[in-house]
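Worksheet for the structure shown next.
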Amino acid sequence: MITILLSCYNGERFLREQLDSLLGQSFRDFTIAIRDDASADRTPEILQEYQRAYPDIISVETAKENSGGARYGFWALMASRRDDYLMLCDQDDIWLPDKVERTLKRMKELERQFGRRCPLAVHTDLTVVDERLQTLAPSYRQWADIDFSRLDFRFQLVQATATGCTMMYNRALADYFTRPPRFFIMHDWWITLCAAAFGHIGQIAEPTILYRQHRENAVGAKKVRSLRFRLWQLCHLPALRRNMRETFWQAESFLLLYRPLLSPKKQRLLADFCSIPRLPKLSRWRMARRLQLYRGGPLRSAMRFLLI
C-alpha cells in the first residue's frame with residue numbers, strides 16, 4: 001500500500017533513531033525501500049542488521065559507486081519503485097508517531113475530491129531541531145518564511161514550498177518519474193512541479209517530523225527573515241545568481257520532458273519563463289512582472305529582481 005523511500009549515505013550517526021521512528025508509526029501497513037549510496041562508514045552494517053530483523057518490511061540495495069548527491073539517490077528510488085503511495089525519508093530526521101497516518105488521511109481526502117487517477121502530493125510542516133533534538137523552531141514554515149498557500153505551477157517554478165522528507169505522493173504522480181530529466185535542482189522540487197502541472201498539492205499545516213540540523217545536512221533549514229541571513233545573501237550574490245539560473249535550467253528540462261502532456265497555457269508560461277535569461281535586463285524585469293512570478297514578500301521579491 002505504502003512504500004517509504006530512504007536514500008542513505010554515511011548516515012551512521014542518526015540512522016538507527018530514524019529507522020526506529022519509522023518502525024514505531026501508529027500506521028504500519030508499509031514497506032521501507034532503502035538505497036545505500038556507497039557509504040564508507042557503518043551505514044551498510046546498520047542496514048543489514050535492520051533488514052535481518054524486519055525482512056518483511058525492509059529491503060536494501062547498495063550502489064556500486066556514489067551517485068553524486070542525495071537528489072540522484074532519491075531519483076533512483078523514485079524511478080524504480082511503484083506503490084499506491086510513496087513517501088520520502090531522510091536518514092537523519094525523526095518521524096513523529098502519527099506522521100504516516102495523518103499524511104495518508106490527507107491524501108485520501110484529496111483523492112475523494114479529485115479522484116485516484118489524479119496526480120497528487122501531500123506535504124507537511126516540520127519542527128526544526130538541533131543534533132540533540134532540542135527545538136530551534138516549532139515551525140519550519142515560519143522559520144523559512146514559506147507560504148504553503150502558493151500551490152500553483154507558476155509559483156512552484158521559482159520556489160519550492162515543500163520539503164521532501166515530509167512528502168507522500170500517489171501512483172498517478174509516480175508514473176511521471178520513469179524518465180530522468182536533463183537537469184533538476186532537487187528531487188522534491190521536481191515532484192511538486194509535476195503535481196502542480198498535472199494534478200494537485202495538499203498540505204498539513206502542523207509538523208509531522210523533527211527536522212534535524214547538523215553539519216552534514218545536504219540542504220538544511222535557513223532562518224530567512226534574520227538579519228544574518230540577509231547579510232549572508234549580500235555576500236554571496238554570485239552563488240545566488242547561479243541558483244537563479246538553475247531555476248531556468250530546471251524549467252527548460254521540464255518543458256523538454258513533458259511538453260506533449262502540458263496544456264497550451266502551461267507551455268506558453270514555461271517558454272516565456274525560459275526566455276528571461278536571454279532578454280536585456282529591463283526586459284527581464286518586465287517579463288517577470290508580466291508573468292507574476294516573484295511573489296513571497298517584498299524583501300524576497302526585491303532580491304529576486306536584483307539577481308534575475
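In the C-alpha cells, chains take the letters A, B, ... in the order shown, each chain's residues start at 1, and ligands count up from 1 in the order shown.
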
What are the closest atom pairs, with distances in Å to one decimal, for each residue of region 50-124 of chain A lying within 12 Å of region 14-21 of chain A, using only C-alpha atoms, rows by chain and rising residue number, as a Markdown table?
```
| residue | atom | partner | partner_atom | distance |
| --- | --- | --- | --- | --- |
| A:Tyr50 | CA | A:Leu19 | CA | 8.3 |
| A:Gln51 | CA | A:Leu19 | CA | 10.7 |
| A:Ala53 | CA | A:Leu19 | CA | 11.8 |
| A:Tyr54 | CA | A:Leu19 | CA | 11.0 |
| A:Ile57 | CA | A:Leu19 | CA | 11.3 |
| A:Ile58 | CA | A:Leu19 | CA | 9.9 |
| A:Cys89 | CA | A:Gln18 | CA | 8.9 |
| A:Asp90 | CA | A:Gln18 | CA | 8.2 |
| A:Gln91 | CA | A:Leu15 | CA | 5.4 |
| A:Asp92 | CA | A:Phe14 | CA | 5.0 |
| A:Asp93 | CA | A:Gln18 | CA | 5.8 |
| A:Ile94 | CA | A:Gln18 | CA | 5.1 |
| A:Trp95 | CA | A:Ser21 | CA | 5.5 |
| A:Leu96 | CA | A:Ser21 | CA | 7.0 |
| A:Pro97 | CA | A:Ser21 | CA | 6.9 |
| A:Asp98 | CA | A:Ser21 | CA | 10.1 |
| A:Lys99 | CA | A:Ser21 | CA | 9.9 |
| A:Val100 | CA | A:Ser21 | CA | 10.9 |
```

Save out the residues we just selected, N, CA and C atoms, as a CSV table (one decimal), in the first residue's frame.
```csv
chain,number,residue,atom,x,y,z
A,50,TYR,N,19.0,-4.2,10.5
A,50,TYR,CA,17.6,-3.9,10.5
A,50,TYR,C,16.9,-4.8,9.4
A,51,GLN,N,17.5,-5.0,8.3
A,51,GLN,CA,16.9,-5.9,7.3
A,51,GLN,C,16.7,-7.3,7.8
A,53,ALA,N,16.4,-8.1,10.9
A,53,ALA,CA,15.4,-8.1,12.0
A,53,ALA,C,13.9,-7.9,11.4
A,54,TYR,N,13.8,-7.2,10.3
A,54,TYR,CA,12.5,-6.9,9.7
A,54,TYR,C,12.5,-7.3,8.2
A,57,ILE,N,9.6,-6.1,6.0
A,57,ILE,CA,9.3,-4.6,5.9
A,57,ILE,C,10.4,-3.9,5.2
A,58,ILE,N,11.7,-4.3,5.5
A,58,ILE,CA,12.8,-3.5,5.0
A,58,ILE,C,13.5,-4.3,3.9
A,89,CYS,N,12.0,9.8,2.7
A,89,CYS,CA,12.6,9.8,4.1
A,89,CYS,C,14.0,10.1,4.1
A,90,ASP,N,14.5,11.0,4.9
A,90,ASP,CA,15.9,11.3,5.0
A,90,ASP,C,16.5,10.5,6.2
A,91,GLN,N,17.7,10.3,6.2
A,91,GLN,CA,18.4,9.3,7.1
A,91,GLN,C,18.6,9.9,8.5
A,92,ASP,N,18.4,11.2,8.7
A,92,ASP,CA,18.8,11.9,9.9
A,92,ASP,C,17.7,12.5,10.7
A,93,ASP,N,16.5,12.4,10.3
A,93,ASP,CA,15.4,13.0,11.0
A,93,ASP,C,14.7,12.0,11.9
A,94,ILE,N,13.6,12.5,12.6
A,94,ILE,CA,12.8,11.7,13.4
A,94,ILE,C,11.3,11.9,13.0
A,95,TRP,N,10.6,10.8,12.6
A,95,TRP,CA,9.2,10.9,12.3
A,95,TRP,C,8.4,10.9,13.5
A,96,LEU,N,7.5,11.8,13.7
A,96,LEU,CA,6.5,11.7,14.8
A,96,LEU,C,5.6,10.5,14.6
A,97,PRO,N,5.1,9.9,15.7
A,97,PRO,CA,4.5,8.6,15.6
A,97,PRO,C,3.3,8.5,14.7
A,98,ASP,N,2.6,9.6,14.4
A,98,ASP,CA,1.4,9.6,13.6
A,98,ASP,C,1.6,10.2,12.2
A,99,LYS,N,2.9,10.4,11.8
A,99,LYS,CA,3.2,11.0,10.5
A,99,LYS,C,2.5,10.3,9.4
A,100,VAL,N,2.7,9.0,9.3
A,100,VAL,CA,2.2,8.2,8.1
A,100,VAL,C,0.6,8.3,8.2
```

Residues near Ala121 (chain A), cut-off 6 Å, only C-alpha atoms, skip fewer than 5 positions along chain, as a PyMOL selection string: chain A and resi 168-169+201

Mind checking which residues fall within 8 Å of region 262-276 of chain A, counting only C-alpha atoms, ignoring those fewer than 3 positions away in the same chain, and posting them as a PyMOL selection string? chain A and resi 154+197-198+248-249+251-252+255+258-259+279+283-284+287-288+291

With only C-alpha atoms as the basis for distance, which of A:Glu45, A:Asp36, A:Glu12, A:Glu246 is at the shortest distance from Tyr72 (chain A)? A:Asp36

Report as a tab-separated table (two decimals) with N, CA and C atoms, in the first residue's frame: the residues of region 106-238 of chain A with a DSSP assignment of helix (DSSP H, G or I), based on the backbone of this structure.
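Once written, result14.tsv looks like this:
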```
chain	number	residue	atom	x	y	z
A	106	ARG	N	-4.84	12.78	4.82
A	106	ARG	CA	-4.95	13.96	3.95
A	106	ARG	C	-4.95	13.54	2.48
A	107	MET	N	-4.13	12.55	2.12
A	107	MET	CA	-4.11	12.05	0.75
A	107	MET	C	-5.47	11.48	0.37
A	108	LYS	N	-6.09	10.73	1.25
A	108	LYS	CA	-7.41	10.16	0.97
A	108	LYS	C	-8.45	11.26	0.76
A	109	GLU	N	-8.33	12.34	1.51
A	109	GLU	CA	-9.25	13.47	1.32
A	109	GLU	C	-9.09	14.06	-0.08
A	110	LEU	N	-7.85	14.21	-0.53
A	110	LEU	CA	-7.61	14.73	-1.88
A	110	LEU	C	-8.14	13.78	-2.94
A	111	GLU	N	-7.97	12.48	-2.72
A	111	GLU	CA	-8.47	11.50	-3.70
A	111	GLU	C	-9.99	11.53	-3.78
A	112	ARG	N	-10.66	11.74	-2.67
A	112	ARG	CA	-12.12	11.87	-2.73
A	112	ARG	C	-12.53	13.11	-3.51
A	113	GLN	N	-11.72	14.14	-3.42
A	113	GLN	CA	-12.03	15.39	-4.11
A	113	GLN	C	-11.69	15.34	-5.60
A	114	PHE	N	-10.52	14.76	-5.95
A	114	PHE	CA	-10.03	14.81	-7.32
A	114	PHE	C	-9.98	13.46	-8.03
A	140	TYR	N	8.95	25.01	10.72
A	140	TYR	CA	9.86	25.32	9.62
A	140	TYR	C	9.21	26.29	8.64
A	141	ARG	N	7.91	26.15	8.47
A	141	ARG	CA	7.18	27.04	7.57
A	141	ARG	C	7.38	28.50	7.96
A	142	GLN	N	7.32	28.80	9.24
A	142	GLN	CA	7.53	30.17	9.70
A	142	GLN	C	9.01	30.52	9.73
A	143	TRP	N	9.85	29.59	10.13
A	143	TRP	CA	11.29	29.80	10.21
A	143	TRP	C	11.86	30.20	8.85
A	153	PHE	N	1.33	26.24	-10.30
A	153	PHE	CA	2.52	25.88	-11.06
A	153	PHE	C	3.41	27.09	-11.28
A	154	ARG	N	2.82	28.23	-11.52
A	154	ARG	CA	3.58	29.46	-11.75
A	154	ARG	C	4.52	29.75	-10.60
A	155	PHE	N	4.05	29.62	-9.38
A	155	PHE	CA	4.88	29.91	-8.22
A	155	PHE	C	5.90	28.81	-7.96
A	156	GLN	N	5.51	27.56	-8.21
A	156	GLN	CA	6.43	26.44	-7.98
A	156	GLN	C	7.66	26.53	-8.89
A	164	GLY	N	11.03	17.49	0.94
A	164	GLY	CA	10.87	16.11	0.50
A	164	GLY	C	10.62	15.12	1.61
A	165	CYS	N	11.28	15.29	2.75
A	165	CYS	CA	11.14	14.32	3.83
A	165	CYS	C	9.77	14.33	4.49
A	166	THR	N	8.90	15.26	4.10
A	166	THR	CA	7.53	15.27	4.61
A	166	THR	C	6.53	14.73	3.59
A	171	ARG	N	0.36	6.90	-6.88
A	171	ARG	CA	0.85	6.17	-8.05
A	171	ARG	C	0.70	6.98	-9.33
A	172	ALA	N	-0.39	7.74	-9.43
A	172	ALA	CA	-0.62	8.54	-10.63
A	172	ALA	C	0.49	9.56	-10.84
A	173	LEU	N	1.04	10.11	-9.77
A	173	LEU	CA	2.15	11.05	-9.88
A	173	LEU	C	3.46	10.31	-10.11
A	174	ALA	N	3.62	9.14	-9.50
A	174	ALA	CA	4.85	8.36	-9.65
A	174	ALA	C	5.10	8.00	-11.11
A	175	ASP	N	4.04	7.87	-11.89
A	175	ASP	CA	4.20	7.49	-13.30
A	175	ASP	C	4.93	8.55	-14.12
A	176	TYR	N	5.08	9.76	-13.58
A	176	TYR	CA	5.81	10.82	-14.29
A	176	TYR	C	7.32	10.75	-14.04
A	177	PHE	N	7.76	9.81	-13.22
A	177	PHE	CA	9.17	9.77	-12.82
A	177	PHE	C	9.93	8.60	-13.44
A	187	HIS	N	15.12	16.57	-6.11
A	187	HIS	CA	14.07	15.61	-6.45
A	187	HIS	C	12.71	16.04	-5.91
A	188	ASP	N	12.68	16.62	-4.70
A	188	ASP	CA	11.40	17.01	-4.13
A	188	ASP	C	10.79	18.20	-4.86
A	189	TRP	N	11.64	19.11	-5.35
A	189	TRP	CA	11.14	20.23	-6.14
A	189	TRP	C	10.50	19.71	-7.42
A	190	TRP	N	11.14	18.72	-8.04
A	190	TRP	CA	10.58	18.14	-9.27
A	190	TRP	C	9.21	17.51	-9.01
A	191	ILE	N	9.07	16.88	-7.86
A	191	ILE	CA	7.78	16.27	-7.50
A	191	ILE	C	6.69	17.32	-7.43
A	192	THR	N	6.97	18.45	-6.76
A	192	THR	CA	5.94	19.48	-6.64
A	192	THR	C	5.67	20.16	-7.98
A	193	LEU	N	6.68	20.28	-8.82
A	193	LEU	CA	6.45	20.82	-10.16
A	193	LEU	C	5.47	19.93	-10.93
A	194	CYS	N	5.70	18.62	-10.88
A	194	CYS	CA	4.80	17.70	-11.59
A	194	CYS	C	3.40	17.71	-10.99
A	195	ALA	N	3.32	17.73	-9.67
A	195	ALA	CA	2.00	17.75	-9.03
A	195	ALA	C	1.24	19.02	-9.38
A	196	ALA	N	1.92	20.16	-9.39
A	196	ALA	CA	1.26	21.42	-9.73
A	196	ALA	C	0.89	21.49	-11.21
A	197	ALA	N	1.70	20.88	-12.07
A	197	ALA	CA	1.44	20.93	-13.51
A	197	ALA	C	0.32	19.99	-13.94
A	198	PHE	N	0.26	18.82	-13.32
A	198	PHE	CA	-0.65	17.78	-13.81
A	198	PHE	C	-1.72	17.38	-12.80
A	227	LEU	N	18.49	38.97	10.08
A	227	LEU	CA	19.47	39.89	9.52
A	227	LEU	C	20.72	39.13	9.08
A	228	ARG	N	21.10	38.12	9.85
A	228	ARG	CA	22.28	37.34	9.50
A	228	ARG	C	22.14	36.70	8.12
A	229	PHE	N	20.96	36.16	7.83
A	229	PHE	CA	20.75	35.52	6.54
A	229	PHE	C	20.76	36.56	5.41
A	230	ARG	N	20.16	37.72	5.66
A	230	ARG	CA	20.17	38.77	4.63
A	230	ARG	C	21.60	39.22	4.32
A	231	LEU	N	22.41	39.37	5.35
A	231	LEU	CA	23.80	39.75	5.13
A	231	LEU	C	24.55	38.65	4.38
A	232	TRP	N	24.26	37.40	4.73
A	232	TRP	CA	24.88	36.29	4.02
A	232	TRP	C	24.53	36.35	2.53
A	233	GLN	N	23.28	36.66	2.20
A	233	GLN	CA	22.87	36.75	0.81
A	233	GLN	C	23.67	37.80	0.07
A	234	LEU	N	23.84	38.97	0.70
A	234	LEU	CA	24.57	40.06	0.04
A	234	LEU	C	26.03	39.70	-0.19
A	235	CYS	N	26.58	38.83	0.65
A	235	CYS	CA	27.97	38.42	0.50
A	235	CYS	C	28.16	37.25	-0.47
A	237	LEU	N	26.29	36.87	-3.61
A	237	LEU	CA	25.46	37.15	-4.78
A	237	LEU	C	25.79	36.26	-5.98
A	238	PRO	N	27.08	35.97	-6.28
A	238	PRO	CA	27.36	35.07	-7.42
A	238	PRO	C	26.70	33.69	-7.27
```

Need the shell around Tyr9 (chain A): protein/DNA/RNA residues with any atom at most 7 Å away, counting only C-alpha atoms. Skip same-chain ones fewer than 5 positions apart. Format as a PyMOL selection string? chain A and resi 36-39

Which polymer residues have any atom within 8 Å of an atom of Leu5 (chain A), counting only C-alpha atoms, with same-chain residues fewer than 2 positions away left out, as an MDAnalysis selection string? chainID A and resid 3 7 32:34 74 77:78 86:89

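Shortest atom-to-atom contact with Ala137 (chain A) among A:Asn10, A:Thr43, A:Gln213, A:Thr31: A:Gln213, counting only C-alpha atoms.
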
If you run DSSP on the backbone, which residues of region 119-261 of chain A are strand (DSSP E or B), as a PyMOL selection string? chain A and resi 120-129+135-137+168-170+200-212

At a cut-off of 10 Å, can you tabulate as a tab-separated table every residue of region 28-146 of chain A near region 157-162 of chain A together with its closest atom pair and the distance in Å to one decimal, using only C-alpha atoms and ordering rows by chain then number?
```
residue	atom	partner	partner_atom	distance
A:Ala121	CA	A:Ala162	CA	9.7
A:Val122	CA	A:Ala162	CA	8.7
A:His123	CA	A:Ala162	CA	6.0
A:Thr124	CA	A:Ala162	CA	7.5
A:Asp125	CA	A:Ala162	CA	8.4
A:Arg141	CA	A:Thr161	CA	8.8
A:Ala144	CA	A:Thr161	CA	9.9
A:Asp145	CA	A:Thr161	CA	9.7
A:Ile146	CA	A:Thr161	CA	6.2
```

May I ask which of the residues A:Asp152, A:Ala79, A:Ala40, A:His200 is the closest one to Asn66 (chain A), counting only C-alpha atoms?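 Looking only at the distances to Asn66 (chain A), the closest residue turns out to be A:Ala40.
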
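Shortest separation to Val60 (chain A) among A:Cys8, A:Phe30, A:Lys105, A:Arg182 occurs at residue A:Cys8, atoms counted being only C-alpha atoms.
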
I need the residue nearest Ala76 (chain A) from this list: A:Arg242, A:Leu6, A:Gly199, A:Arg117. Use only C-alpha atoms for the distance.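 Of all the options, A:Leu6 lies closest to Ala76 (chain A).
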